[in-house]
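A.B. asks: Pasting a structure here, questions to come.
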Amino acid sequence: MTILGFDIGEALTPDVPLLETFIRGVFMYLVVFVLIRFVLRGRTSPAIPDLLVLVLIADAAQNAMSADYSSVINGVVLVATIVGTSFTLDWLGYHVPPLRPFIHRDPQELIINGRPNQDALRREMISEAELESQVRLQGVETFDEVRAAYLEGTGEISVIKEERGASDAGRRRQPATS
């Protein structure tokens with residue numbers, strides 16, 4: 001069926017087998033996910049899996065909307081594959097405990113009682129200057145003011161400030177009385 005010189009049947013007929021589109025989508029998502037997780041590790045911005053999904057969807061949709069695919073169906077299958085793979089990894093990370101550390105990274109302690117954790121900084125390839133910058137962004141001038149700082153699974157650094165002037169007893173949890 002042709003409308004205004006545009007062949008709708010051609011646009012909706014897959015030019016690449018749909019299974020191939022699905023396999024390529026899953027494979028590329030997993031390759032990019034592993035590279036970000038293990039190569040970039042803590043060097044990524046917050047919510048990188050969400051950003052990854054948006055970038056891959058945008059690229060897949062762009063290919064389907066332009067003539068890079070002659071079939072819109074291939075683009076739809078690829079976008080659905082990317083969203084489905086992202087959902088599946090999140091689901092597995094939540095429901096399958098052995099996979100959780102791979103999919104959702106545990107926080108890494110970068111500062112302990114005002115002292116940088118050199119082993120963690122070396123593992124995450126974060127210099128003290130970079131850490132100082134991140135601590136300042138949290139409104140803290142020196143490491144001495146930090147009780148703990150963590151590299152979160154999202155790539156953000158969270159800072160727990162040292163409570164100045166509070167006695168140790170005031171910070172301890174009081175036992176419940178009956």
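Identifiers for the structure tokens are assigned positionally: chains receive A, B, ... in sequence, residues are indexed from 1 per chain, and ligands are indexed from 1 in the order shown.
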With a distance cut-off of 8 Å and only C-alpha atoms, select the neighbouring residues of A:Pro107, excluding the residue or stretch itself and same-chain residues fewer than 6 positions from it, and output the selection as a ChimeraX atom specification.
C.D. replies: /A:150-153
A.B. asks: Kindly assemble as a Markdown table a list of the stretch 46-116 of chain A residues that lie within 7 Å of stretch 16-30 of chain A, each paired with its nearest atom pair and their distance in Å to one decimal, using only C-alpha atoms, sorted first by chain and then by ascending residue number.
C.D. replies:
| residue | atom | partner | partner_atom | distance |
| --- | --- | --- | --- | --- |
| A:Asn74 | CA | A:Leu18 | CA | 6.4 |
| A:Val77 | CA | A:Phe22 | CA | 6.6 |
| A:Leu78 | CA | A:Gly25 | CA | 5.8 |
| A:Thr81 | CA | A:Phe22 | CA | 5.9 |
| A:Ile82 | CA | A:Gly25 | CA | 6.1 |
| A:Thr85 | CA | A:Val26 | CA | 6.3 |
A.B. asks: Please produce a file of the residues just selected, as a PDB file, in the first residue's frame, where the atoms kept are C-alpha atoms.
C.D. replies:
ATOM      1  CA  ASN A  74      13.364  -3.779  13.291  1.00  0.00           C
ATOM      2  CA  VAL A  77      12.062  -4.798  18.165  1.00  0.00           C
ATOM      3  CA  LEU A  78      15.475  -3.301  19.017  1.00  0.00           C
ATOM      4  CA  THR A  81      14.908  -5.521  23.393  1.00  0.00           C
ATOM      5  CA  ILE A  82      16.961  -2.771  25.066  1.00  0.00           C
ATOM      6  CA  THR A  85      17.223  -6.341  28.799  1.00  0.00           C
TER       7      THR A  85
END
A.B. asks: Output as a list in words all residues of stretch 16-129 of chain A that backbone DSSP marks as strand (DSSP E or B).
C.D. replies: Gln108, Glu109, Leu110, Ile111, Ile112, Arg115 and Pro116 of chain A
A.B. asks: Out of chain A, which residues get helix (DSSP H, G or I) from DSSP, as a VMD selection string?
C.D. replies: chain A and resid 8 to 12 18 to 43 48 to 65 72 to 95 97 to 103 118 to 124 128 to 137 143 to 145 168 to 171
A.B. asks: Give one line per residue of stretch 81-116 of chain A that approaches stretch 156-161 of chain A to at most 12 Å, naming the two atoms of the closest pair and their distance in Å to one decimal, counting only C-alpha atoms; sort by chain then ascending residue number and deliver it as CSV.
C.D. replies:
residue,atom,partner,partner_atom,distance
A:Arg105,CA,A:Glu156,CA,11.8
A:Pro107,CA,A:Ile157,CA,9.1
A:Gln108,CA,A:Ile157,CA,9.3
A:Glu109,CA,A:Ile157,CA,9.5
A:Leu110,CA,A:Ile157,CA,8.7
A:Ile111,CA,A:Val159,CA,8.6
A:Ile112,CA,A:Ile160,CA,10.0
A:Asn113,CA,A:Lys161,CA,9.5
A:Gly114,CA,A:Lys161,CA,9.3
A.B. asks: Include N, CA and C atoms and write out the residues we just selected as a compact mmCIF listing (two decimals), in the first residue's frame.
C.D. replies:
# COMPACT_ATOMS: atom_id res chain seq x y z
N ARG A 105 26.30 -2.51 42.28
CA ARG A 105 27.54 -2.48 43.06
C ARG A 105 27.30 -2.07 44.50
N PRO A 107 28.43 -0.14 47.95
CA PRO A 107 29.19 1.08 48.20
C PRO A 107 30.63 0.76 48.61
N GLN A 108 31.56 1.61 48.20
CA GLN A 108 32.97 1.46 48.56
C GLN A 108 33.32 2.59 49.53
N GLU A 109 33.87 2.27 50.69
CA GLU A 109 34.20 3.29 51.68
C GLU A 109 35.50 3.99 51.29
N LEU A 110 35.41 5.28 50.98
CA LEU A 110 36.56 6.05 50.52
C LEU A 110 37.24 6.85 51.63
N ILE A 111 36.47 7.24 52.64
CA ILE A 111 37.02 7.95 53.80
C ILE A 111 36.48 7.28 55.04
N ILE A 112 37.39 6.99 55.96
CA ILE A 112 37.03 6.37 57.24
C ILE A 112 37.56 7.27 58.34
N ASN A 113 36.66 7.84 59.15
CA ASN A 113 37.05 8.71 60.27
C ASN A 113 38.06 9.78 59.86
N GLY A 114 37.77 10.47 58.77
CA GLY A 114 38.61 11.58 58.34
C GLY A 114 39.86 11.20 57.56
A.B. asks: Write out as a ChimeraX atom specification which residues come within 12 Å of A:Phe102 when counting only C-alpha atoms, dropping same-chain ones fewer than 6 positions away.
C.D. replies: /A:33-34,36-38,41,89-90,92-94,96,153
A.B. asks: Just to be explicit: take each residue in the selection above, keep C-alpha atoms, and write the result as a JSON list (two decimals), in the first residue's frame.
C.D. replies:
[["chain", "number", "residue", "atom", "x", "y", "z"],
["A", 33, "PHE", "CA", 27.01, -2.69, 30.54],
["A", 34, "VAL", "CA", 30.10, -4.82, 31.33],
["A", 36, "ILE", "CA", 30.89, 0.53, 32.05],
["A", 37, "ARG", "CA", 30.71, -1.66, 35.16],
["A", 38, "PHE", "CA", 34.28, -2.99, 35.04],
["A", 41, "ARG", "CA", 33.66, 1.54, 37.53],
["A", 89, "LEU", "CA", 18.99, -7.15, 34.66],
["A", 90, "ASP", "CA", 17.26, -5.03, 37.32],
["A", 92, "LEU", "CA", 17.78, -10.39, 38.34],
["A", 93, "GLY", "CA", 19.75, -8.01, 40.57],
["A", 94, "TYR", "CA", 16.81, -7.78, 42.94],
["A", 96, "VAL", "CA", 18.87, -13.39, 42.50],
["A", 153, "GLY", "CA", 26.79, 2.03, 43.15]]
A.B. asks: One decimal, Å: what's the distance from atom CA of A:Ala58 over to atom CA of A:Arg100, could you say?
C.D. replies: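 Taking atom CA of A:Ala58 and atom CA of A:Arg100, their separation equals 27.5 Å.
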A.B. asks: Quick check, in Å to one decimal: how far apart do atom CA of A:Thr154 and atom CA of A:Ala80 lie?
C.D. replies: 24.0 Å
A.B. asks: Just the number, please: distance in Å from atom CA of A:Phe87 to atom CA of A:Gly155, one decimal.
C.D. replies: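 Between atom CA of A:Phe87 and atom CA of A:Gly155 the gap works out to 19.9 Å.
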